[in-house]
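What follows is a single structure, written as structure tokens, with notes after it.
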Amino acid sequence: MRHNTRRVVALTAVSALGVVVLAGCSTNGGGGGGDETELRILANITPVLTKEYYQALVQPWVDEHEGVTVTIEVPSGENVQSTLQQELASGDVPDIVASNLDPVVAPQLLAFPDEAWVLDTPLAKENAVDDKIWQVATGAQIQSLVFYNKDLFSAAGVTEVPTSVEDFTAALAAVKAAGTATPLGTAGEWVTGAQFAMMSNPALLESGDFFTEVTDGDASFSDSPYAEYLDAYSGWISEGLVDPDALGLKYQDSIDAFTSGSSAALVMGNWLVPSIDDAGVDFEVGVFASPSLDGEIAPQMSGPAQPYSILQASQNQDLALSLVEYLVSDEKAVTASLESEGNFRQGYSYEGSALNQEVGAILDAAPGLVIGTSGPGIPGGFGDELNKQVQALYVGATPADAAAALDAWWGLNAAQ
């Protein structure tokens with residue numbers, strides 16, 4: 001990927017060892033349309049992906065469909081997944097879900113048609129089960145990134161970007177010794193476990209299909225890179241390199257702390273770039289690939305960006321398909337979606353910031369991509385369990401405790 005002087009981000013083709021995979025039943029051919037038809041979208045709401053963002057994104061399609069309205073629904077539970085489960089239980093379901101979903105809801109989803117607009121979406125093949133696609137994404141993300149305050153790192157005497165966990169720990173310790181900021185920002189909610197996965201999954205998965213091996217009894221979390229990263233993370237807690245009260249913080253708190261200069265580094269995916277750019281920070285922000293155990297360049301954790309699924313229970317399947325097709329194939333809609341979070345897709349470009357350019361360079365340099373905590377062979381809910389065990393480190397669990405708990409959970413859930 002090359003960037004010209006106009007800072008146009010060329011969106012790179014990506015593939016992955018796997019992504020969130022949803023299995024289910026075939027379409028029953030439900031229809032929709034007519035006067036006063038409402039399409040409901042249960043959407044993933046973030047500091048960037050606001051209700052207003054989605055409404056503006058769908059508005060051009062709405063303008064072309066007289067008598068159709070689109071309602072953007074904000075999750076009422078902890079997240080989209082839990083809210084959808086509640087709605088499925090009540091029988092009052094949305095037409096479209098704009099979020100990654102656990103495979104547990106797959107039987108409730110509509111299989112997308114075997115058409116070019118579906119197959120051309122990022123990670124479509126990796127997202128297929130039995131040659132059926134249950135989710136289509138607008139773009140792709142990379143997630144194993146560390147955003148850092150260059151001024152604070154420099155003031156602490158850190159002049160080189162850390163490439164190993166050992167060097168990263170030393171850099172955080174130097175920031176702490178300087179006494180200017182919390183070295184590494186984090187939060188409670190889903191953030192703790194997600195950050196851990198962003199750092200450790202490249203090492204866990206770069207040499208093979210670890211998740212299949214642990215299911216077959218040929219591997220364990222207790223004897224894997226996870227154990228080494230859990231040990232490092234526990235050390236960061238005990239050495240005061242993260243906020244000891246982090247579990248009481250929200251995701252937005254971690255962003256605010258970084259953009260205000262209260263924390264010196266933040267592990268997060270490329271979707272953080274617009275938040276940093278919009279914050280108007282008064283210091284220089286840099287980004288580097290999450291440090292590996294041995295200091296070598298590791299793969300990037302990747303996943304589908306702004307994906308969509310359609311519920312089989314929708315009474316407006318034809319309209320839902322039309323809207324989703326628009327969202328993932330219309331040039332203006334796709335470009336707006338990519339630009340909103342700094343995501344990537346082959347054949348598309350947009351005006352990106354200098355920080356976005358740095359992220360693109362990291363993607364170019366990565367030797368490959370690996371999955372997240374959902375996907376083929378991964379029991380639904382594993383991401384929540386990982387989050388729970390990483391958070392347990394803050395309240396006295398040992399790294400060995402956390403790894404053993406992951407092994408125990410996997411043993412109980414992998415066969416289900």
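Chain labels run A, B, ... following the order of the structure tokens; each chain numbers its residues from 1, and ligands are numbered from 1 in the order shown.
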### Task
Determine which residues of range 3-238 of chain A receive a DSSP assignment of strand (DSSP E or B), computed from the backbone, and state them as a count of residues only.
43
### Task
May I have all residues of range 48-216 of chain A that DSSP, computed from the backbone, assigns to helix (DSSP H, G or I), given as a PyMOL selection string?
chain A and resi 51-63+80-90+103-108+116-119+150-155+165-178+191-205+210-215
### Message
Env of Met199 in chain A: 8 Å cut, atoms = only C-alpha atoms, seq-sep filter 3 positions within chain, self excluded. Answer as a list in words.
### Response
Ser144, Leu145, Gln195, Phe196, Pro202, Val267, Ser290, Pro291 and Ser292 of chain A
### Val287 in chain A environment, 6 Å, only C-alpha atoms, sequence neighbours closer than 4 positions dropped, as a ChimeraX atom specification
/A:146-148
With N, CA and C atoms retained, export the selected residues as a PDB file, in the first residue's frame.
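This went into part-v5.pdb:
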ATOM      1  N   VAL A 146      -1.030  -0.166  19.523  1.00  0.00           N
ATOM      2  CA  VAL A 146      -0.817   0.623  20.734  1.00  0.00           C
ATOM      3  C   VAL A 146      -0.676   2.079  20.310  1.00  0.00           C
ATOM      4  N   PHE A 147      -1.620   2.911  20.726  1.00  0.00           N
ATOM      5  CA  PHE A 147      -1.529   4.342  20.510  1.00  0.00           C
ATOM      6  C   PHE A 147      -0.783   4.945  21.707  1.00  0.00           C
ATOM      7  N   TYR A 148       0.115   5.885  21.451  1.00  0.00           N
ATOM      8  CA  TYR A 148       0.911   6.396  22.564  1.00  0.00           C
ATOM      9  C   TYR A 148       1.176   7.886  22.412  1.00  0.00           C
TER      10      TYR A 148
END
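Between CA of Val48 in chain A and CA of Ser275 in chain A the separation is 7.0 Å.
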### Task
Mind giving me the straight-line distance from CA of Leu110 in chain A to CA of Trp134 in chain A in Å, one decimal?
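These atoms are spaced 6.4 Å apart.
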### Query
Can you list, as JSON, numbers by chain, every protein, DNA or RNA residue that comes within 12 Å of Val395 in chain A when you count only C-alpha atoms, leaving out same-chain residues fewer than 6 positions away?
{"A": [234, 237, 238, 244, 245, 246, 247, 388, 389, 401, 402]}
Taking N, CA and C atoms for each residue, export the selection above as a CSV table (one decimal), in the first residue's frame.
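Resulting contents of result-v1.csv:
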chain,number,residue,atom,x,y,z
A,234,SER,N,-0.5,-9.2,34.8
A,234,SER,CA,-0.5,-9.2,36.3
A,234,SER,C,0.6,-8.4,36.9
A,237,ILE,N,-0.3,-4.7,36.7
A,237,ILE,CA,-1.2,-4.3,37.8
A,237,ILE,C,-0.4,-4.1,39.1
A,238,SER,N,0.4,-5.1,39.4
A,238,SER,CA,1.1,-5.1,40.7
A,238,SER,C,2.1,-3.9,40.8
A,244,PRO,N,-5.3,1.0,39.1
A,244,PRO,CA,-5.8,-0.1,39.9
A,244,PRO,C,-7.3,-0.1,40.0
A,245,ASP,N,-7.9,1.1,39.7
A,245,ASP,CA,-9.4,1.2,39.7
A,245,ASP,C,-10.0,1.1,38.3
A,246,ALA,N,-9.3,0.6,37.4
A,246,ALA,CA,-9.7,0.6,36.0
A,246,ALA,C,-11.0,-0.1,35.7
A,247,LEU,N,-11.4,-1.1,36.5
A,247,LEU,CA,-12.6,-1.8,36.3
A,247,LEU,C,-13.8,-0.9,36.5
A,388,LYS,N,-13.7,-11.7,31.8
A,388,LYS,CA,-13.9,-12.0,33.2
A,388,LYS,C,-12.6,-12.4,33.9
A,389,GLN,N,-11.8,-13.3,33.2
A,389,GLN,CA,-10.6,-13.8,33.8
A,389,GLN,C,-9.5,-12.7,33.8
A,401,ASP,N,-4.2,-18.9,37.9
A,401,ASP,CA,-5.6,-19.1,38.1
A,401,ASP,C,-6.4,-18.8,36.9
A,402,ALA,N,-6.1,-17.6,36.3
A,402,ALA,CA,-6.9,-17.2,35.1
A,402,ALA,C,-6.7,-18.2,33.9
### Query
Neighbours of Pro75 in chain A within 9 Å (only C-alpha atoms; same-chain residues fewer than 4 positions away dropped), as a PyMOL selection string?
chain A and resi 42-45+79-84
### Query
Counting only C-alpha atoms, which of A:Val175, A:Gln143, A:Phe382, A:Ser263 gets nearest to Val158 in chain A?
A:Val175
### Task
Determine, counting only C-alpha atoms, which protein, DNA and RNA residues have an atom within 9 Å of an atom of Glu206 in chain A; residues of the same chain fewer than 3 positions away are not included. Present the result as a VMD selection string.
chain A and resid 201 to 203 209 to 210 298 to 299 368 to 370
Selection from above, C-alpha atoms, as a PDB file, in the first residue's frame, can you write it?
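So result.pdb came out as:
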ATOM      1  CA  ASN A 201      -3.960 -13.386  19.984  1.00  0.00           C
ATOM      2  CA  PRO A 202      -1.244 -12.844  17.352  1.00  0.00           C
ATOM      3  CA  ALA A 203       1.190 -14.939  19.412  1.00  0.00           C
ATOM      4  CA  ASP A 209      -5.111 -23.469  14.786  1.00  0.00           C
ATOM      5  CA  PHE A 210      -4.774 -23.205  18.543  1.00  0.00           C
ATOM      6  CA  ALA A 298       3.631 -10.451  14.612  1.00  0.00           C
ATOM      7  CA  PRO A 299       0.390 -10.780  12.650  1.00  0.00           C
ATOM      8  CA  GLY A 368      -0.536 -11.869   8.270  1.00  0.00           C
ATOM      9  CA  LEU A 369      -3.829 -11.606  10.092  1.00  0.00           C
ATOM     10  CA  VAL A 370      -5.427 -13.715  12.827  1.00  0.00           C
TER      11      VAL A 370
END
### Message
What's the separation between CA of Asp151 in chain A and CA of Gln300 in chain A, in Å to one decimal place?
### Response
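Interatomic distance, CA of Asp151 in chain A to CA of Gln300 in chain A: 25.8 Å.
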